[in-house]
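A.B. asks: This is the structure I have questions about; it appears just below.
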Amino acid sequence: MKLIVDARSREEYYKNHVKGSLNIPLFDLEYYIDFLKGKEVTIYCDTGRRARMAVEYLSDQGIKAALVPQEDLDKYEKEGKPLFCAINYLSVKPGLEKEFEEKVKELCRVTYGKKGFLGSKIFRVSTISYGGSGLQGTYKDIDVKPTKYVMLTYWTSKKAHEEFHKEPDIVEGFMALMKYLSIMPYEEYGEIIR
């Protein structure tokens, strides 16, 4: 069986990929080893770097894989759809984090199946990255208070996102979060570059 594997992220794949390819992000390959055994695997990405790393990793696992040369990618038929991202920033009152997280999980369960919804990710800010921020000196882990969350939601369009926020059960779900917040939440739209 022949497989063409796209080693990029889910979001990159959704926006544009080789028609008929399978999306297995580079850092998820370890979970697909048994599936890929015995198959003829060809791998690509946008620059060739992740694809080369994937070919090397699979080779180390005893799986024969080949690289789609960058110059050959234009020969393949492509497909994809627009992807729209809404980014929510939330700060929660100290001591209410667990309750807040349960309410967010409930809201996420209601969101699945809504027209135009393509998935979500929620992050809890845990500490500050001194290396990434360039701060000088020696630091220990610092608790970020109030606890901050970033919620990413993916949509087929901005219109689908706006219609979603008009639905009564969604309005109710978001309003139920307000008592946990210490700062007025805000939302931005983002274009996924990579």
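Simple scheme: letters A, B, ... for chains in structure tokens order, numbers from 1 for residues in each chain, numbers from 1 for ligands in the order shown.
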Give me the residues within 7 Å of A:Ser120 as JSON, numbers by chain, counting only C-alpha atoms and dropping any in the same chain fewer than 2 places off.
C.D. replies: {"A": [122, 152, 153, 154]}
A.B. asks: May I have the selected residues written with N, CA and C atoms, as a PDB file, in the first residue's frame?
C.D. replies:
```
ATOM      1  N   ILE A 122      -6.911  24.691  24.410  1.00  0.00           N
ATOM      2  CA  ILE A 122      -6.946  25.582  25.568  1.00  0.00           C
ATOM      3  C   ILE A 122      -5.633  25.417  26.320  1.00  0.00           C
ATOM      4  N   LEU A 152      -7.880  28.788  21.811  1.00  0.00           N
ATOM      5  CA  LEU A 152      -7.900  28.917  20.361  1.00  0.00           C
ATOM      6  C   LEU A 152      -9.069  28.111  19.826  1.00  0.00           C
ATOM      7  N   THR A 153      -9.873  28.708  18.970  1.00  0.00           N
ATOM      8  CA  THR A 153     -10.936  27.960  18.301  1.00  0.00           C
ATOM      9  C   THR A 153     -10.760  28.140  16.802  1.00  0.00           C
ATOM     10  N   TYR A 154     -11.002  27.069  16.064  1.00  0.00           N
ATOM     11  CA  TYR A 154     -10.793  27.057  14.617  1.00  0.00           C
ATOM     12  C   TYR A 154     -12.141  26.963  13.907  1.00  0.00           C
TER      13      TYR A 154
END
```
A.B. asks: Show me, as a PDB file with C-alpha atoms, in the first residue's frame, the residues that have an atom within 9 Å of A:Tyr76 when counting only C-alpha atoms, minus same-chain residues fewer than 3 positions from it.
C.D. replies:
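Ended up saving to selection.pdb:
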```pdb
ATOM      1  CA  VAL A  18      -1.505  17.136  -1.575  1.00  0.00           C
ATOM      2  CA  LYS A  19      -4.831  15.600  -2.511  1.00  0.00           C
ATOM      3  CA  ASP A  72       8.257  17.742  -7.395  1.00  0.00           C
ATOM      4  CA  LEU A  73       5.561  19.111  -5.048  1.00  0.00           C
TER       5      LEU A  73
END
```
A.B. asks: Which polymer residues have any atom within 12 Å of an atom of stretch 182-186 of chain A, counting only C-alpha atoms, with same-chain residues fewer than 4 positions away left out, as a list in words?
C.D. replies: Ala86, Ile87, Asn88, Tyr89, Leu90, Ser91, Val92, Lys93, Pro94, Gly95, Leu96, Glu97, Phe100, Lys145, Pro146, Thr147, Lys148, Tyr149, Val150, Met151, Phe174, Met175, Leu177 and Met178 of chain A
A.B. asks: Pick the closest to A:Thr42 from A:Gly80, A:Gly62, A:Pro69, A:Pro25: which is it, counting only C-alpha atoms?
C.D. replies: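 For A:Thr42, the nearest of the given residues is A:Pro69.
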A.B. asks: Using DSSP secondary structure from the backbone, list all helix (DSSP H, G or I) positions within stretch 19-161 of chain A, as a PDB file with C-alpha atoms, in the first residue's frame.
C.D. replies:
```pdb
ATOM      1  CA  LEU A  26       6.329  15.067  12.525  1.00  0.00           C
ATOM      2  CA  PHE A  27       6.110  14.964  16.296  1.00  0.00           C
ATOM      3  CA  ASP A  28       3.199  12.490  16.238  1.00  0.00           C
ATOM      4  CA  LEU A  29       4.965   9.867  14.092  1.00  0.00           C
ATOM      5  CA  GLU A  30       5.809   7.676  17.078  1.00  0.00           C
ATOM      6  CA  TYR A  31       2.098   6.907  17.507  1.00  0.00           C
ATOM      7  CA  TYR A  32       1.786   5.632  13.915  1.00  0.00           C
ATOM      8  CA  ILE A  33       4.717   3.229  13.725  1.00  0.00           C
ATOM      9  CA  ASP A  34       2.577   0.066  13.710  1.00  0.00           C
ATOM     10  CA  PHE A  35       0.218   1.589  11.140  1.00  0.00           C
ATOM     11  CA  LEU A  36       3.089   2.554   8.795  1.00  0.00           C
ATOM     12  CA  ARG A  49      13.079  19.980   6.722  1.00  0.00           C
ATOM     13  CA  ARG A  50      10.307  18.210   8.667  1.00  0.00           C
ATOM     14  CA  ALA A  51       9.951  15.635   5.891  1.00  0.00           C
ATOM     15  CA  ARG A  52      13.686  14.819   6.067  1.00  0.00           C
ATOM     16  CA  MET A  53      13.453  14.493   9.840  1.00  0.00           C
ATOM     17  CA  ALA A  54      10.419  12.202   9.451  1.00  0.00           C
ATOM     18  CA  VAL A  55      12.191   9.993   6.894  1.00  0.00           C
ATOM     19  CA  GLU A  56      15.193   9.710   9.223  1.00  0.00           C
ATOM     20  CA  TYR A  57      13.004   8.914  12.252  1.00  0.00           C
ATOM     21  CA  LEU A  58      11.034   6.252  10.370  1.00  0.00           C
ATOM     22  CA  SER A  59      14.242   4.731   9.042  1.00  0.00           C
ATOM     23  CA  ASP A  60      15.508   4.438  12.629  1.00  0.00           C
ATOM     24  CA  GLN A  70      10.576  20.011  -3.086  1.00  0.00           C
ATOM     25  CA  GLU A  71      10.782  20.569  -6.840  1.00  0.00           C
ATOM     26  CA  ASP A  72       8.257  17.742  -7.395  1.00  0.00           C
ATOM     27  CA  LEU A  73       5.561  19.111  -5.048  1.00  0.00           C
ATOM     28  CA  ASP A  74       4.117  21.324  -7.806  1.00  0.00           C
ATOM     29  CA  LYS A  75       3.352  18.190  -9.848  1.00  0.00           C
ATOM     30  CA  GLU A  97      -9.332  27.689  38.428  1.00  0.00           C
ATOM     31  CA  LYS A  98     -10.690  24.120  38.800  1.00  0.00           C
ATOM     32  CA  GLU A  99     -14.315  25.254  38.616  1.00  0.00           C
ATOM     33  CA  PHE A 100     -13.490  27.454  35.634  1.00  0.00           C
ATOM     34  CA  GLU A 101     -11.769  24.597  33.817  1.00  0.00           C
ATOM     35  CA  GLU A 102     -14.809  22.353  34.348  1.00  0.00           C
ATOM     36  CA  LYS A 103     -17.086  25.059  32.896  1.00  0.00           C
ATOM     37  CA  VAL A 104     -14.762  25.465  29.895  1.00  0.00           C
ATOM     38  CA  LYS A 105     -14.867  21.703  29.298  1.00  0.00           C
ATOM     39  CA  GLU A 106     -18.682  21.836  29.360  1.00  0.00           C
ATOM     40  CA  LEU A 107     -18.649  24.713  26.870  1.00  0.00           C
ATOM     41  CA  CYS A 108     -16.285  22.768  24.604  1.00  0.00           C
ATOM     42  CA  ARG A 109     -18.640  19.767  24.604  1.00  0.00           C
ATOM     43  CA  VAL A 110     -21.510  22.038  23.498  1.00  0.00           C
ATOM     44  CA  THR A 111     -19.316  23.560  20.774  1.00  0.00           C
ATOM     45  CA  TYR A 130      12.831  33.727  31.084  1.00  0.00           C
ATOM     46  CA  GLY A 131      14.889  32.379  28.206  1.00  0.00           C
ATOM     47  CA  GLY A 132      12.166  33.178  25.685  1.00  0.00           C
ATOM     48  CA  SER A 133      11.489  36.630  27.109  1.00  0.00           C
ATOM     49  CA  LYS A 158     -15.298  34.487  10.362  1.00  0.00           C
ATOM     50  CA  LYS A 159     -19.027  34.441   9.577  1.00  0.00           C
ATOM     51  CA  ALA A 160     -19.399  30.926  11.059  1.00  0.00           C
ATOM     52  CA  HIS A 161     -17.644  32.146  14.204  1.00  0.00           C
TER      53      HIS A 161
END
```
A.B. asks: Where does DSSP see strand (DSSP E) in chain A, if you list the residues as an MDAnalysis selection string?
C.D. replies: chainID A and resid 2:6 17:18 22:23 40:44 65:67 78:79 84:92 117:124 147:155 181:190
A.B. asks: How would the residues just chosen look if you wrote them out with C-alpha atoms as a short mmCIF file (atom, residue, chain, number, x, y, z; two decimals), in the first residue's frame?
C.D. replies:
```cif
data_model
loop_
_atom_site.label_atom_id
_atom_site.label_comp_id
_atom_site.auth_asym_id
_atom_site.auth_seq_id
_atom_site.Cartn_x
_atom_site.Cartn_y
_atom_site.Cartn_z
CA LYS A 2 1.34 3.45 -0.96
CA LEU A 3 0.91 6.43 1.38
CA ILE A 4 1.78 10.07 0.91
CA VAL A 5 2.26 11.62 4.34
CA ASP A 6 2.18 15.34 5.10
CA HIS A 17 -2.17 19.75 1.08
CA VAL A 18 -1.50 17.14 -1.58
CA LEU A 22 -2.52 11.62 5.12
CA ASN A 23 -1.63 14.16 7.81
CA GLU A 40 5.38 2.33 0.98
CA VAL A 41 5.64 5.75 2.63
CA THR A 42 6.49 9.02 0.88
CA ILE A 43 6.71 12.16 3.02
CA TYR A 44 6.57 15.89 2.31
CA ALA A 65 10.25 6.01 3.74
CA ALA A 66 11.16 8.36 0.90
CA LEU A 67 11.16 12.12 0.61
CA LYS A 78 -3.53 20.15 -4.11
CA GLU A 79 -6.65 20.80 -2.07
CA PHE A 84 -10.03 30.92 10.63
CA CYS A 85 -8.76 31.18 14.22
CA ALA A 86 -10.31 33.06 17.14
CA ILE A 87 -7.99 33.66 20.10
CA ASN A 88 -9.51 34.26 23.55
CA TYR A 89 -7.52 35.63 26.51
CA LEU A 90 -8.97 34.88 29.94
CA SER A 91 -7.76 35.66 33.49
CA VAL A 92 -9.35 33.71 36.34
CA PHE A 117 -16.47 24.65 14.07
CA LEU A 118 -13.20 22.80 13.41
CA GLY A 119 -11.75 22.27 16.88
CA SER A 120 -10.09 24.03 19.77
CA LYS A 121 -7.07 24.16 22.05
CA ILE A 122 -6.95 25.58 25.57
CA PHE A 123 -3.75 26.55 27.36
CA ARG A 124 -3.22 27.44 31.02
CA THR A 147 -4.15 32.44 36.29
CA LYS A 148 -4.31 33.14 32.58
CA TYR A 149 -5.75 30.98 29.84
CA VAL A 150 -5.55 31.17 26.07
CA MET A 151 -8.30 29.46 24.10
CA LEU A 152 -7.90 28.92 20.36
CA THR A 153 -10.94 27.96 18.30
CA TYR A 154 -10.79 27.06 14.62
CA TRP A 155 -13.52 27.88 12.11
CA LEU A 181 -12.96 35.99 35.53
CA SER A 182 -10.85 38.68 37.16
CA ILE A 183 -10.32 40.75 34.00
CA MET A 184 -12.69 41.34 31.11
CA PRO A 185 -11.88 38.73 28.48
CA TYR A 186 -11.08 39.69 24.95
CA GLU A 187 -10.88 37.92 21.65
CA GLU A 188 -8.73 38.46 18.58
CA TYR A 189 -8.73 36.88 15.15
CA GLY A 190 -5.58 35.27 13.86
#
```
A.B. asks: Choose the residue, out of A:Ile24, A:Val68, A:Leu83, A:Ile170, that has the smallest atom-to-atom separation from A:Ser9; count only C-alpha atoms.
C.D. replies: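 Ranking A:Ile24, A:Val68, A:Leu83, A:Ile170 by distance to A:Ser9, first place goes to A:Ile24.
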A.B. asks: How far is it from atom CA of A:Glu167 to atom CA of A:Glu191, in Å with one decimal?
C.D. replies: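 Atom CA of A:Glu191 lies 24.2 Å from atom CA of A:Glu167.
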A.B. asks: Skipping near chain neighbours, those fewer than 3 positions away, what residues fall within 6 Å of A:Lys15 using only C-alpha atoms, listed as a list in words?
C.D. replies: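 Residues meeting the cut-off are Glu12, Gly80, Lys81 and Pro82 of chain A.
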